[in-house]
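Chemist: So that you have it, the file is final00.cif, and it contains mmCIF, C-alpha atoms and all ligand atoms:
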```
data_final
#
loop_
_atom_site.label_atom_id
_atom_site.label_comp_id
_atom_site.auth_asym_id
_atom_site.auth_seq_id
_atom_site.Cartn_x
_atom_site.Cartn_y
_atom_site.Cartn_z
CA MET N 1418 12.64 -3.14 41.23
CA ASP N 1419 15.87 -5.08 41.55
CA GLU N 1420 16.78 -5.90 37.95
CA THR N 1421 19.85 -7.95 38.85
CA PHE N 1422 18.13 -10.99 40.29
CA ASP N 1423 14.56 -12.07 39.81
CA PRO N 1424 14.06 -15.76 40.51
CA GLU N 1425 10.32 -15.60 39.86
CA MET N 1426 10.82 -14.16 36.39
CA ASP N 1427 13.38 -16.87 35.70
CA ASP N 1428 10.68 -19.41 36.52
CA LEU N 1429 8.44 -17.69 34.00
CA LEU N 1430 11.14 -17.99 31.35
CA GLU N 1431 11.20 -21.73 31.92
CA VAL N 1432 7.41 -21.96 31.66
CA GLU N 1433 7.53 -19.94 28.43
CA GLN N 1434 10.21 -22.16 26.95
CA LYS N 1435 8.06 -25.24 27.61
CA LYS N 1436 5.08 -23.57 25.93
CA GLN N 1437 7.14 -22.82 22.84
CA GLU N 1438 8.22 -26.44 22.65
CA LEU N 1439 4.61 -27.56 23.01
CA LEU N 1440 3.55 -25.20 20.25
CA SER N 1441 6.21 -26.39 17.85
CA ASN N 1442 5.55 -30.07 18.61
CA SER N 1443 1.78 -30.08 18.56
CA PHE N 1444 -0.60 -29.92 15.63
CA PHE N 1445 -1.01 -26.18 15.03
CA THR N 1446 -2.99 -24.57 12.22
CA GLY N 1447 -1.29 -21.21 12.67
CA MET N 1448 -4.34 -19.53 14.23
CA ARG N 1449 -5.50 -20.49 17.69
CA VAL N 1450 -7.95 -18.50 19.81
CA VAL N 1451 -7.52 -18.94 23.57
CA PHE N 1452 -10.17 -17.68 25.94
CA LEU N 1453 -8.46 -16.33 29.06
CA GLY N 1454 -11.48 -14.70 30.69
CA THR N 1455 -15.16 -15.24 29.92
CA ALA N 1456 -17.06 -13.46 32.73
CA SER N 1457 -18.80 -10.12 32.45
CA GLN N 1458 -17.95 -7.31 34.85
CA LYS N 1459 -16.23 -9.27 37.66
CA PRO N 1460 -14.47 -12.60 38.05
CA SER N 1461 -16.38 -15.60 39.35
CA SER N 1462 -14.96 -18.74 40.94
CA ILE N 1463 -14.65 -20.37 37.50
CA ARG N 1464 -14.25 -17.45 35.10
CA ASN N 1465 -11.90 -14.48 34.95
CA VAL N 1466 -12.81 -11.15 33.34
CA SER N 1467 -12.37 -10.48 29.61
CA ALA N 1468 -9.27 -11.43 27.68
CA ILE N 1469 -8.68 -13.45 24.53
CA ALA N 1470 -5.31 -14.51 23.16
CA LEU N 1471 -4.77 -15.12 19.47
CA GLN N 1472 -1.80 -17.40 19.04
CA LEU N 1473 -0.19 -17.12 15.61
CA GLU N 1474 2.91 -18.77 14.12
CA LYS N 1475 5.42 -16.21 15.31
CA GLN N 1476 3.44 -13.88 17.52
CA THR N 1477 0.81 -13.71 20.24
CA TRP N 1478 -1.88 -11.04 20.25
CA LEU N 1479 -4.18 -10.17 23.10
CA PHE N 1480 -7.70 -8.78 22.82
CA ASP N 1481 -8.74 -7.03 26.03
CA CYS N 1482 -6.92 -7.46 29.25
CA GLY N 1483 -9.06 -7.65 32.38
CA GLU N 1484 -7.51 -7.86 35.83
CA GLY N 1485 -5.70 -11.16 36.37
CA THR N 1486 -4.96 -11.73 32.69
CA SER N 1487 -1.22 -12.18 33.42
CA LYS N 1488 -1.97 -15.10 35.69
CA GLN N 1489 -4.34 -16.59 33.12
CA ILE N 1490 -1.57 -16.41 30.51
CA VAL N 1491 0.84 -18.16 32.85
CA LEU N 1492 -1.74 -20.86 33.61
CA SER N 1493 -2.76 -21.44 29.99
CA PRO N 1494 -0.64 -23.98 28.09
CA HIS N 1495 -1.74 -22.32 24.85
CA ALA N 1496 -1.03 -18.61 25.39
CA SER N 1497 2.47 -17.26 25.56
CA PHE N 1498 4.05 -14.10 26.96
CA SER N 1499 7.29 -14.43 25.08
CA LYS N 1500 5.73 -13.82 21.67
CA LEU N 1501 3.28 -11.16 22.83
CA ASN N 1502 3.75 -8.16 20.54
CA LYS N 1503 0.29 -6.68 20.09
CA ILE N 1504 -2.60 -5.85 22.42
CA PHE N 1505 -5.98 -4.65 21.15
CA ILE N 1506 -8.46 -3.05 23.55
CA THR N 1507 -12.13 -2.99 22.59
CA HIS N 1508 -13.24 -0.40 25.14
CA MET N 1509 -12.15 1.22 28.37
CA HIS N 1510 -14.51 -0.47 30.86
CA GLY N 1511 -12.46 -1.75 33.78
CA ASP N 1512 -13.21 -5.42 33.26
CA HIS N 1513 -11.45 -5.15 29.89
CA VAL N 1514 -8.37 -3.09 30.84
CA TYR N 1515 -7.40 -3.35 34.52
CA GLY N 1516 -4.87 -6.07 33.73
CA LEU N 1517 -2.95 -4.01 31.16
CA PRO N 1518 -0.17 -2.59 33.36
CA THR N 1519 0.76 -6.02 34.72
CA VAL N 1520 0.72 -7.70 31.32
CA ILE N 1521 2.83 -4.90 29.84
CA LEU N 1522 5.30 -5.05 32.71
CA THR N 1523 5.57 -8.85 32.65
CA SER N 1524 5.96 -8.93 28.90
CA ARG N 1525 8.41 -6.03 28.72
CA GLY N 1526 10.43 -7.02 31.80
CA ARG N 1527 13.16 -9.61 31.79
CA LEU N 1528 11.40 -11.56 29.05
CA ALA N 1529 12.02 -8.70 26.65
CA ASP N 1530 15.75 -8.89 27.36
CA LYS N 1531 15.79 -12.33 25.81
CA ARG N 1532 14.31 -11.02 22.59
CA SER N 1533 15.24 -8.57 19.92
CA GLY N 1534 13.85 -5.60 21.82
CA GLU N 1535 10.75 -5.66 19.64
CA THR N 1536 8.11 -3.06 20.44
CA LEU N 1537 4.85 -4.01 22.10
CA SER N 1538 2.02 -2.23 20.27
CA VAL N 1539 -1.17 -1.38 22.10
CA TYR N 1540 -4.25 -0.32 20.11
CA GLY N 1541 -7.40 1.00 21.74
CA PRO N 1542 -9.93 3.79 22.21
CA PRO N 1543 -8.98 7.31 23.29
CA GLY N 1544 -7.86 7.19 26.91
CA VAL N 1545 -5.82 4.00 26.68
CA ARG N 1546 -2.55 5.96 26.41
CA SER N 1547 -3.24 8.08 29.50
CA PHE N 1548 -4.43 5.02 31.41
CA VAL N 1549 -1.29 3.00 30.72
CA ASN N 1550 1.11 5.91 31.14
CA SER N 1551 -0.48 6.94 34.46
CA ALA N 1552 -0.46 3.40 35.82
CA LEU N 1553 3.22 2.99 34.93
CA PHE N 1554 4.21 6.48 36.11
CA TYR N 1555 2.49 6.31 39.51
CA THR N 1556 3.85 2.85 40.21
CA HIS N 1557 7.39 4.06 39.44
CA THR N 1558 7.68 1.58 36.59
CA SER N 1559 10.10 2.18 33.77
CA ILE N 1560 9.87 0.07 30.63
CA GLY N 1561 11.86 2.36 28.35
CA LYS N 1562 10.65 2.86 24.82
CA SER N 1563 9.52 -0.69 24.22
CA ILE N 1564 5.82 0.17 24.05
CA ASP N 1565 3.94 2.01 21.33
CA ILE N 1566 0.34 3.06 22.07
CA LYS N 1567 -1.97 3.91 19.19
CA GLU N 1568 -5.43 5.29 19.83
CA LEU N 1569 -8.31 4.82 17.41
CA LEU N 1570 -9.59 8.35 17.19
CA THR N 1571 -13.34 8.71 17.58
CA GLN N 1572 -15.53 11.45 16.13
CA LYS N 1573 -15.28 13.41 19.37
CA SER N 1574 -11.49 13.34 19.52
CA ILE N 1575 -11.17 14.13 15.81
CA LYS N 1576 -13.25 17.31 16.14
CA SER N 1577 -10.78 18.86 18.55
CA PRO N 1578 -7.36 19.87 17.15
CA LEU N 1579 -5.07 16.83 17.11
CA THR N 1580 -1.96 16.95 19.24
CA ASP N 1581 1.41 16.20 17.64
CA GLN N 1582 1.39 12.79 19.30
CA GLN N 1583 -2.06 12.02 17.90
CA LYS N 1584 -0.95 13.08 14.43
CA LYS N 1585 2.14 10.89 14.66
CA ASN N 1586 0.72 7.81 16.37
CA ASP N 1587 -3.01 7.59 16.14
CA ILE N 1588 -5.40 6.12 13.62
CA GLN N 1589 -8.35 7.80 11.94
CA PRO N 1590 -11.18 6.00 10.16
CA ASP N 1591 -11.76 6.19 6.41
CA SER N 1592 -15.01 7.57 4.99
CA ASN N 1593 -16.74 4.23 5.72
CA GLY N 1594 -15.69 4.33 9.37
CA VAL N 1595 -13.06 1.63 8.88
CA TYR N 1596 -9.84 1.90 10.87
CA THR N 1597 -6.95 0.03 9.23
CA LEU N 1598 -4.60 -0.63 12.10
CA PHE N 1599 -1.95 -2.26 9.97
CA SER N 1600 -1.49 -4.46 6.98
CA ASP N 1601 1.67 -6.50 6.55
CA ALA N 1602 2.80 -9.59 4.65
CA SER N 1603 0.90 -11.86 7.05
CA PHE N 1604 -2.21 -10.05 8.32
CA THR N 1605 -4.49 -7.06 8.02
CA VAL N 1606 -6.29 -5.86 11.12
CA LYS N 1607 -9.23 -3.50 10.78
CA ALA N 1608 -11.69 -2.13 13.30
CA LYS N 1609 -15.00 -0.37 13.35
CA TYR N 1610 -16.99 1.42 16.01
CA ILE N 1611 -19.78 -0.75 17.47
CA ASN N 1612 -22.57 0.25 19.81
CA HIS N 1613 -22.05 0.00 23.61
CA THR N 1614 -22.45 2.44 26.49
CA VAL N 1615 -18.95 3.85 25.88
CA PRO N 1616 -16.77 4.07 22.72
CA CYS N 1617 -16.21 0.46 21.68
CA PHE N 1618 -14.64 -1.38 18.75
CA GLY N 1619 -14.94 -4.68 16.96
CA TYR N 1620 -11.76 -6.04 15.38
CA VAL N 1621 -11.43 -7.99 12.14
CA ILE N 1622 -8.26 -10.01 11.67
CA GLU N 1623 -7.65 -11.33 8.17
CA GLU N 1624 -4.78 -13.34 6.77
CA ALA N 1625 -2.93 -11.87 3.81
CA PRO N 1626 -3.88 -13.58 0.54
CA GLY N 1627 -1.60 -16.53 -0.07
CA LYS N 1628 0.33 -17.22 -3.25
CA PRO N 1629 -0.50 -20.07 -5.64
CA ASN N 1630 1.80 -23.06 -5.49
CA VAL N 1631 3.17 -25.24 -8.25
CA ASP N 1632 1.85 -28.80 -8.49
CA VAL N 1633 5.25 -30.39 -9.02
CA GLU N 1634 3.81 -33.63 -10.43
CA LYS N 1635 1.71 -31.81 -13.03
CA ALA N 1636 4.68 -29.63 -13.96
CA LYS N 1637 6.88 -32.69 -14.40
CA ALA N 1638 4.28 -34.36 -16.62
CA LEU N 1639 4.35 -31.29 -18.87
CA GLY N 1640 8.14 -31.32 -19.05
CA LEU N 1641 8.99 -28.83 -16.32
CA GLU N 1642 11.31 -30.30 -13.68
CA ALA N 1643 11.38 -28.63 -10.26
CA PRO N 1644 12.98 -26.31 -9.39
CA ASN N 1645 12.51 -24.28 -12.50
CA VAL N 1646 13.06 -20.62 -13.32
CA LEU N 1647 9.84 -20.64 -15.37
CA PHE N 1648 7.78 -21.26 -12.19
CA LYS N 1649 8.23 -17.59 -11.32
CA GLU N 1650 6.67 -16.52 -14.63
CA LEU N 1651 3.75 -18.91 -14.21
CA LYS N 1652 3.18 -17.78 -10.60
CA ALA N 1653 3.08 -14.21 -11.89
CA GLY N 1654 0.16 -15.23 -14.11
CA ASN N 1655 2.07 -15.51 -17.41
CA SER N 1656 2.05 -18.45 -19.84
CA VAL N 1657 5.41 -19.87 -20.89
CA THR N 1658 6.54 -21.60 -24.07
CA LEU N 1659 8.99 -24.50 -23.84
CA SER N 1660 11.77 -25.09 -26.41
CA ASN N 1661 9.63 -27.86 -27.96
CA GLY N 1662 6.84 -25.33 -28.58
CA THR N 1663 4.55 -26.53 -25.75
CA VAL N 1664 2.63 -23.64 -24.21
CA ILE N 1665 1.95 -23.97 -20.46
CA LYS N 1666 -0.67 -21.76 -18.87
CA PRO N 1667 -0.62 -20.93 -15.14
CA GLU N 1668 -3.87 -22.86 -14.57
CA ASP N 1669 -2.20 -26.00 -16.01
CA ILE N 1670 0.15 -26.45 -13.08
CA LEU N 1671 -0.79 -24.02 -10.28
CA ILE N 1672 -2.68 -24.93 -7.14
CA PRO N 1673 -4.77 -21.90 -6.11
CA ALA N 1674 -3.77 -20.15 -2.89
CA PRO N 1675 -5.91 -21.14 0.10
CA ARG N 1676 -8.68 -18.75 1.07
CA PRO N 1677 -7.41 -16.28 3.70
CA ARG N 1678 -8.91 -16.89 7.14
CA LYS N 1679 -10.81 -14.21 9.02
CA ILE N 1680 -11.60 -13.80 12.72
CA VAL N 1681 -13.97 -11.20 14.18
CA ILE N 1682 -13.56 -10.23 17.84
CA LEU N 1683 -16.22 -7.89 19.16
CA GLY N 1684 -16.18 -5.79 22.28
CA ASP N 1685 -19.27 -5.47 24.48
CA THR N 1686 -22.20 -4.50 22.31
CA ASN N 1687 -25.92 -4.41 21.75
CA ASN N 1688 -25.46 -3.65 18.05
CA PRO N 1689 -22.35 -4.54 16.04
CA TYR N 1690 -24.04 -4.30 12.62
CA SER N 1691 -21.79 -1.41 11.54
CA LEU N 1692 -19.18 -4.13 11.10
CA THR N 1693 -21.28 -6.22 8.72
CA ASP N 1694 -19.32 -5.25 5.59
CA ILE N 1695 -15.81 -6.06 6.80
CA ALA N 1696 -16.88 -9.07 8.90
CA GLN N 1697 -18.51 -11.00 6.02
CA GLY N 1698 -17.69 -14.68 5.81
CA ALA N 1699 -15.68 -14.84 9.04
CA ASP N 1700 -14.30 -18.24 9.99
CA LEU N 1701 -15.06 -17.35 13.60
CA VAL N 1702 -16.97 -14.50 15.22
CA ILE N 1703 -16.64 -13.95 18.95
CA HIS N 1704 -19.73 -12.18 20.26
CA GLU N 1705 -20.73 -11.42 23.83
CA ALA N 1706 -23.91 -12.96 25.26
CA THR N 1707 -24.09 -11.35 28.68
CA LEU N 1708 -27.64 -12.35 29.59
CA PRO N 1709 -30.00 -15.10 28.37
CA ASN N 1710 -32.79 -14.43 25.89
CA GLU N 1711 -35.34 -14.00 28.72
CA PHE N 1712 -33.45 -10.87 29.83
CA GLU N 1713 -32.74 -9.53 26.36
CA ASN N 1714 -34.42 -6.18 27.09
CA ILE N 1715 -32.22 -5.59 30.12
CA ALA N 1716 -29.14 -6.74 28.22
CA HIS N 1717 -29.93 -4.38 25.36
CA TYR N 1718 -30.61 -1.46 27.71
CA ARG N 1719 -27.20 -2.00 29.34
CA GLY N 1720 -25.41 -2.10 25.99
CA HIS N 1721 -25.14 -5.89 25.93
CA SER N 1722 -26.52 -8.86 23.99
CA SER N 1723 -28.36 -12.13 24.44
CA PRO N 1724 -27.34 -15.41 22.75
CA ARG N 1725 -30.16 -14.80 20.25
CA MET N 1726 -28.66 -11.44 19.26
CA ALA N 1727 -25.22 -13.07 18.88
CA GLY N 1728 -26.70 -15.84 16.71
CA LEU N 1729 -28.51 -13.37 14.47
CA PHE N 1730 -25.34 -11.35 13.90
CA ALA N 1731 -23.32 -14.48 13.08
CA LYS N 1732 -26.00 -15.39 10.54
CA ALA N 1733 -26.06 -11.87 9.07
CA ILE N 1734 -22.35 -11.94 8.31
CA GLY N 1735 -22.39 -15.54 7.05
CA ALA N 1736 -19.95 -16.65 9.73
CA LYS N 1737 -18.76 -20.24 9.73
CA LYS N 1738 -18.58 -20.47 13.50
CA LEU N 1739 -19.78 -18.43 16.48
CA ALA N 1740 -18.31 -18.31 19.98
CA ILE N 1741 -20.32 -16.67 22.74
CA THR N 1742 -18.64 -15.25 25.83
CA HIS N 1743 -18.81 -12.52 28.55
CA PHE N 1744 -21.38 -14.29 30.69
CA GLY N 1745 -23.05 -12.23 33.41
CA GLY N 1746 -25.27 -12.71 36.43
CA ALA N 1747 -25.71 -16.30 37.65
CA TYR N 1748 -24.29 -17.61 34.37
CA ALA N 1749 -20.82 -16.30 35.25
CA ASN N 1750 -20.67 -19.14 37.78
CA GLU N 1751 -22.05 -21.78 35.46
CA LEU N 1752 -20.51 -24.10 32.93
CA GLU N 1753 -23.27 -26.62 32.27
CA ALA N 1754 -26.15 -24.13 32.04
CA VAL N 1755 -24.13 -21.89 29.72
CA GLU N 1756 -23.15 -24.83 27.55
CA THR N 1757 -26.76 -26.02 27.23
CA VAL N 1758 -29.26 -23.17 27.69
CA LEU N 1759 -27.28 -20.22 26.27
CA LEU N 1760 -25.61 -22.38 23.64
CA ASN N 1761 -28.96 -23.61 22.35
CA GLN N 1762 -30.41 -20.10 22.27
CA ALA N 1763 -27.50 -18.98 20.08
CA LYS N 1764 -27.72 -22.08 17.84
CA GLU N 1765 -31.40 -21.50 17.24
CA ALA N 1766 -30.88 -17.91 16.07
CA PHE N 1767 -27.76 -18.75 14.04
CA GLN N 1768 -29.61 -21.74 12.53
CA SER N 1769 -26.38 -23.66 12.84
CA ASN N 1770 -24.79 -26.02 15.33
CA GLU N 1771 -21.42 -24.35 14.81
CA VAL N 1772 -21.57 -22.50 18.13
CA ILE N 1773 -19.17 -22.67 21.06
CA ALA N 1774 -19.86 -21.39 24.56
CA ALA N 1775 -16.48 -20.15 25.77
CA ARG N 1776 -14.99 -21.15 29.08
CA ASP N 1777 -11.69 -20.02 30.54
CA PHE N 1778 -8.66 -21.67 28.90
CA LEU N 1779 -10.68 -23.10 26.01
CA ALA N 1780 -8.50 -23.14 22.88
CA VAL N 1781 -10.13 -23.08 19.45
CA ASP N 1782 -8.03 -23.84 16.37
CA ILE N 1783 -9.06 -22.20 13.12
CA PRO N 1784 -8.64 -24.90 10.49
CA LYS N 1785 -6.67 -24.15 7.34
CA PRO N 1786 -9.06 -23.92 4.38
CA CYS N 1787 -8.56 -26.72 1.87
ZN ZN N 1801 -17.51 -6.14 29.76
ZN ZN N 1802 -18.41 -2.82 28.61
#
```
Is it possible to give me this structure as structure tokens?

Modeler:
Amino acid sequence: MDETFDPEMDDLLEVEQKKQELLSNSFFTGMRVVFLGTASQKPSSIRNVSAIALQLEKQTWLFDCGEGTSKQIVLSPHASFSKLNKIFITHMHGDHVYGLPTVILTSRGRLADKRSGETLSVYGPPGVRSFVNSALFYTHTSIGKSIDIKELLTQKSIKSPLTDQQKKNDIQPDSNGVYTLFSDASFTVKAKYINHTVPCFGYVIEEAPGKPNVDVEKAKALGLEAPNVLFKELKAGNSVTLSNGTVIKPEDILIPAPRPRKIVILGDTNNPYSLTDIAQGADLVIHEATLPNEFENIAHYRGHSSPRMAGLFAKAIGAKKLAITHFGGAYANELEAVETVLLNQAKEAFQSNEVIAARDFLAVDIPKPC
């Protein structure tokens, strides 16, 4: 590839810059889910294959990456390449991974030069490393060391002796089968094995607990002007005594931290109940609903779900909202039927109207808890 001049990539830089402006100007809750592909197995005229972007304040994450995902990112006003720093793969079926090499190349190409050289992390089942490395190697593509691939080791791969690379890079589950991918000042991402026809994961993304804030008016009324060195003590949970003898307890002036938000993104599945413990109380659960209730037996046999199954799982984990996606058969070509028939089937099982039927480019903001 000629690295000296690439007019097309320069166009992309312009598009990306406009998206960043849009993001900073528009109302943004800090967590926005963008559906980039909502068809099962193959693209239809109105839906691409699986991919979901999670747009955060300072980063973009991608969950699955079917063929054509790069173009979907370019077309979506809500998903951005320039902040893409993490990709999570649920399972290695082609409709969830064939777009990976292109997304990696586009993200790590000239766009990366404009950034700090930050690493792109890819998490996924065993095989994802070989898949990406082979695709890049056989297409004579060099992206340097800007990508870090971490495999979630399954029982089968753990039994065999681990290679040095596995020991260094990869992630093993704890005794409850929970994989903690990372936990930083902003988010914790965990995963658990869910049932499909091949090794498959469901991901749980949770905000880090916030810190309580000082109610400046209340503080002032008690004789504490802002800013004040004593705020630190109170935030740490300690009472303070003023020179006039007044004792102020943390609960007198602190506003509790908002509840951390949680999103659950499942891969293809006919049984994700292993995830019930870590998925509890999710603000949003994204669950496949490949075939309608009438074909539930076939869906189940093929490792998939019906809207009813999705609704029951959302209810079991006490989710606040459910989004169904990954529509197969005739429904891959439908908007109206999906958004009436399948939507109602899911609502009935969930016993809630808080259900969305995904369509390509739909953006869903996760509201900040009060
Ligand atoms: Zn699929
Ligand atoms: Zn699959």

Chemist: Could you pull out the residues sitting within 8 Å of ligand ZN 1802 (chain N), using only C-alpha atoms and all ligand atoms, and write them as a list in words?

Modeler: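 Residues lying within 8 Å of ligand ZN 1802 (chain N): Gln1458, His1508, Met1509, His1510, Gly1511, Asp1512, His1513, His1613, Thr1614, Val1615, Cys1617, Gly1684, Asp1685, Thr1686, Gly1720 and His1721 of chain N.
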
Chemist: If we count all atoms listed in the file, what is near region 1688-1702 of chain N at a cut-off of 7 Å, once residues fewer than 6 positions away on the same chain are taken out, given as number ranges by chain?

Modeler: N: 1609, 1611-1612, 1621, 1678-1682, 1731, 1734-1740

Chemist: Please compute the CA of Cys1482 (chain N)-CA of Ala1552 (chain N) distance, one decimal, in Å.

Modeler: 14.2 Å

Chemist: Could you check the closest approach to Leu1517 (chain N) for each of N:Ser1499, N:Thr1605, N:Thr1536, N:Thr1486 and tell me which residue wins, using all atoms listed in the file?

Modeler: N:Thr1486

Chemist: Would you mind listing, for every residue of region 1681-1748 of chain N within 6 Å of region 1433-1456 of chain N, the two atoms forming the shortest contact and the distance between them in Å to one decimal, using only C-alpha atoms, sorted by chain and ascending residue number, as CSV?

Modeler:
```
residue,atom,partner,partner_atom,distance
N:Thr1742,CA,N:Thr1455,CA,5.4
N:His1743,CA,N:Ala1456,CA,4.6
N:Phe1744,CA,N:Ala1456,CA,4.8
```

Chemist: Write the residues of the selection above to a file with C-alpha atoms, as a short mmCIF file (atom, residue, chain, number, x, y, z; two decimals), in the frame of the given file.

Modeler:
```
data_model
loop_
_atom_site.label_atom_id
_atom_site.label_comp_id
_atom_site.auth_asym_id
_atom_site.auth_seq_id
_atom_site.Cartn_x
_atom_site.Cartn_y
_atom_site.Cartn_z
CA THR N 1742 -18.64 -15.25 25.83
CA HIS N 1743 -18.81 -12.52 28.55
CA PHE N 1744 -21.38 -14.29 30.69
#
```

Chemist: Rank nothing, just name the residue among N:Ile1504, N:Leu1598, N:Ala1775, N:Ile1715 nearest to Ile1703 (chain N), using all atoms listed in the file.

Modeler: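 Closest to Ile1703 (chain N) of all the choices is N:Ala1775.
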
Chemist: As an NGL selection string, please: the residues near region 1762-1765 of chain N (cut-off 7 Å, all atoms listed in the file, same-chain neighbours under 2 positions excluded).

Modeler: :N and (1724-1725 or 1727-1728 or 1758-1760 or 1767-1770 or 1772)

Chemist: Please compute the CA of Ile1463 (chain N)-CA of Arg1776 (chain N) distance, one decimal, in Å.

Modeler: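 Calculated distance between CA of Ile1463 (chain N) and CA of Arg1776 (chain N) is 8.5 Å.
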
Chemist: If you measure from CA of Gly1516 (chain N) to CA of Ser1467 (chain N), what distance in Å do you get, rounded to one decimal?

Modeler: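 The value is 9.6 Å.
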
Chemist: For Val1545 (chain N), work out the shell of residues within 10 Å, counting only C-alpha atoms and skipping chain neighbours fewer than 2 positions away, then give it as a list of chain:residue names.

Modeler: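 Contacts, in chain order: N:Ile1506, N:His1508, N:Met1509, N:Val1514, N:Leu1517, N:Val1539, N:Tyr1540, N:Gly1541, N:Pro1542, N:Pro1543, N:Ser1547, N:Phe1548, N:Val1549, N:Asn1550, N:Ser1551, N:Ile1566, N:Lys1567, N:Glu1568, N:Leu1569.
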
Chemist: Would you mind telling me which residue in N:Tyr1515, N:Phe1778, N:Phe1712, N:Tyr1610 lies nearest to ligand ZN 1801 (chain N) when using all atoms listed in the file?

Modeler: N:Tyr1515

Chemist: Nearest residue to Pro1629 (chain N) out of N:Ala1780, N:Phe1604, N:Leu1659, N:Ile1672, using all atoms listed in the file?

Modeler: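 The closest residue to Pro1629 (chain N) is N:Ile1672.
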
Chemist: In the coordinate frame of the file, compute which residues have an atom within 12 Å of (11.8, -26.4, -14.7) when using only C-alpha atoms, and state them as a PDB file with C-alpha atoms, keeping the file's coordinate frame.

Modeler:
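This went into out_5.pdb:
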```pdb
ATOM      1  CA  VAL N1631       3.170 -25.240  -8.250  1.00  0.00           C
ATOM      2  CA  ASP N1632       1.850 -28.800  -8.490  1.00  0.00           C
ATOM      3  CA  VAL N1633       5.250 -30.390  -9.020  1.00  0.00           C
ATOM      4  CA  GLU N1634       3.810 -33.630 -10.430  1.00  0.00           C
ATOM      5  CA  LYS N1635       1.710 -31.810 -13.030  1.00  0.00           C
ATOM      6  CA  ALA N1636       4.680 -29.630 -13.960  1.00  0.00           C
ATOM      7  CA  LYS N1637       6.880 -32.690 -14.400  1.00  0.00           C
ATOM      8  CA  ALA N1638       4.280 -34.360 -16.620  1.00  0.00           C
ATOM      9  CA  LEU N1639       4.350 -31.290 -18.870  1.00  0.00           C
ATOM     10  CA  GLY N1640       8.140 -31.320 -19.050  1.00  0.00           C
ATOM     11  CA  LEU N1641       8.990 -28.830 -16.320  1.00  0.00           C
ATOM     12  CA  GLU N1642      11.310 -30.300 -13.680  1.00  0.00           C
ATOM     13  CA  ALA N1643      11.380 -28.630 -10.260  1.00  0.00           C
ATOM     14  CA  PRO N1644      12.980 -26.310  -9.390  1.00  0.00           C
ATOM     15  CA  ASN N1645      12.510 -24.280 -12.500  1.00  0.00           C
ATOM     16  CA  VAL N1646      13.060 -20.620 -13.320  1.00  0.00           C
ATOM     17  CA  LEU N1647       9.840 -20.640 -15.370  1.00  0.00           C
ATOM     18  CA  PHE N1648       7.780 -21.260 -12.190  1.00  0.00           C
ATOM     19  CA  LYS N1649       8.230 -17.590 -11.320  1.00  0.00           C
ATOM     20  CA  GLU N1650       6.670 -16.520 -14.630  1.00  0.00           C
ATOM     21  CA  LEU N1651       3.750 -18.910 -14.210  1.00  0.00           C
ATOM     22  CA  VAL N1657       5.410 -19.870 -20.890  1.00  0.00           C
ATOM     23  CA  THR N1658       6.540 -21.600 -24.070  1.00  0.00           C
ATOM     24  CA  LEU N1659       8.990 -24.500 -23.840  1.00  0.00           C
ATOM     25  CA  SER N1660      11.770 -25.090 -26.410  1.00  0.00           C
ATOM     26  CA  ILE N1665       1.950 -23.970 -20.460  1.00  0.00           C
ATOM     27  CA  ILE N1670       0.150 -26.450 -13.080  1.00  0.00           C
TER      28      ILE N1670
END
```

Chemist: Pick the closest to Ala1602 (chain N) from N:Gly1627, N:Pro1590, N:Pro1460, N:Gly1544: which is it, counting all atoms listed in the file?

Modeler: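 Ranking N:Gly1627, N:Pro1590, N:Pro1460, N:Gly1544 by distance to Ala1602 (chain N), first place goes to N:Gly1627.
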
Chemist: N:Ala1706, N:Ala1625, N:Leu1473, N:Ile1521: which is nearest ligand ZN 1801 (chain N), counting only C-alpha atoms and all ligand atoms?

Modeler: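 Ranking N:Ala1706, N:Ala1625, N:Leu1473, N:Ile1521 by distance to ligand ZN 1801 (chain N), first place goes to N:Ala1706.
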
Chemist: Give me the residues near Ser1722 (chain N) as a list in words, where near means some atom within 6 Å (using only C-alpha atoms) and where sequence neighbours in that chain fewer than 2 positions away do not count.

Modeler: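 Non-adjacent residues within range: Asn1687, Ala1706, Thr1707, Ala1716, His1717 and Met1726 of chain N.
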
Chemist: List every protein, DNA or RNA residue that has at least one atom no more than 8 Å from (3.5, -7.9, 20.2) in the file's coordinates, counting all atoms listed in the file, and write the result as number ranges by chain.

Modeler: N: 1476-1478, 1500-1504, 1535-1538

Chemist: Export, as a CSV table (one decimal), in the coordinates of the input, the selected residues with C-alpha atoms.

Modeler:
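Ended up saving to selection_15.csv:
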```
chain,number,residue,atom,x,y,z
N,1476,GLN,CA,3.4,-13.9,17.5
N,1477,THR,CA,0.8,-13.7,20.2
N,1478,TRP,CA,-1.9,-11.0,20.2
N,1500,LYS,CA,5.7,-13.8,21.7
N,1501,LEU,CA,3.3,-11.2,22.8
N,1502,ASN,CA,3.8,-8.2,20.5
N,1503,LYS,CA,0.3,-6.7,20.1
N,1504,ILE,CA,-2.6,-5.8,22.4
N,1535,GLU,CA,10.8,-5.7,19.6
N,1536,THR,CA,8.1,-3.1,20.4
N,1537,LEU,CA,4.8,-4.0,22.1
N,1538,SER,CA,2.0,-2.2,20.3
```
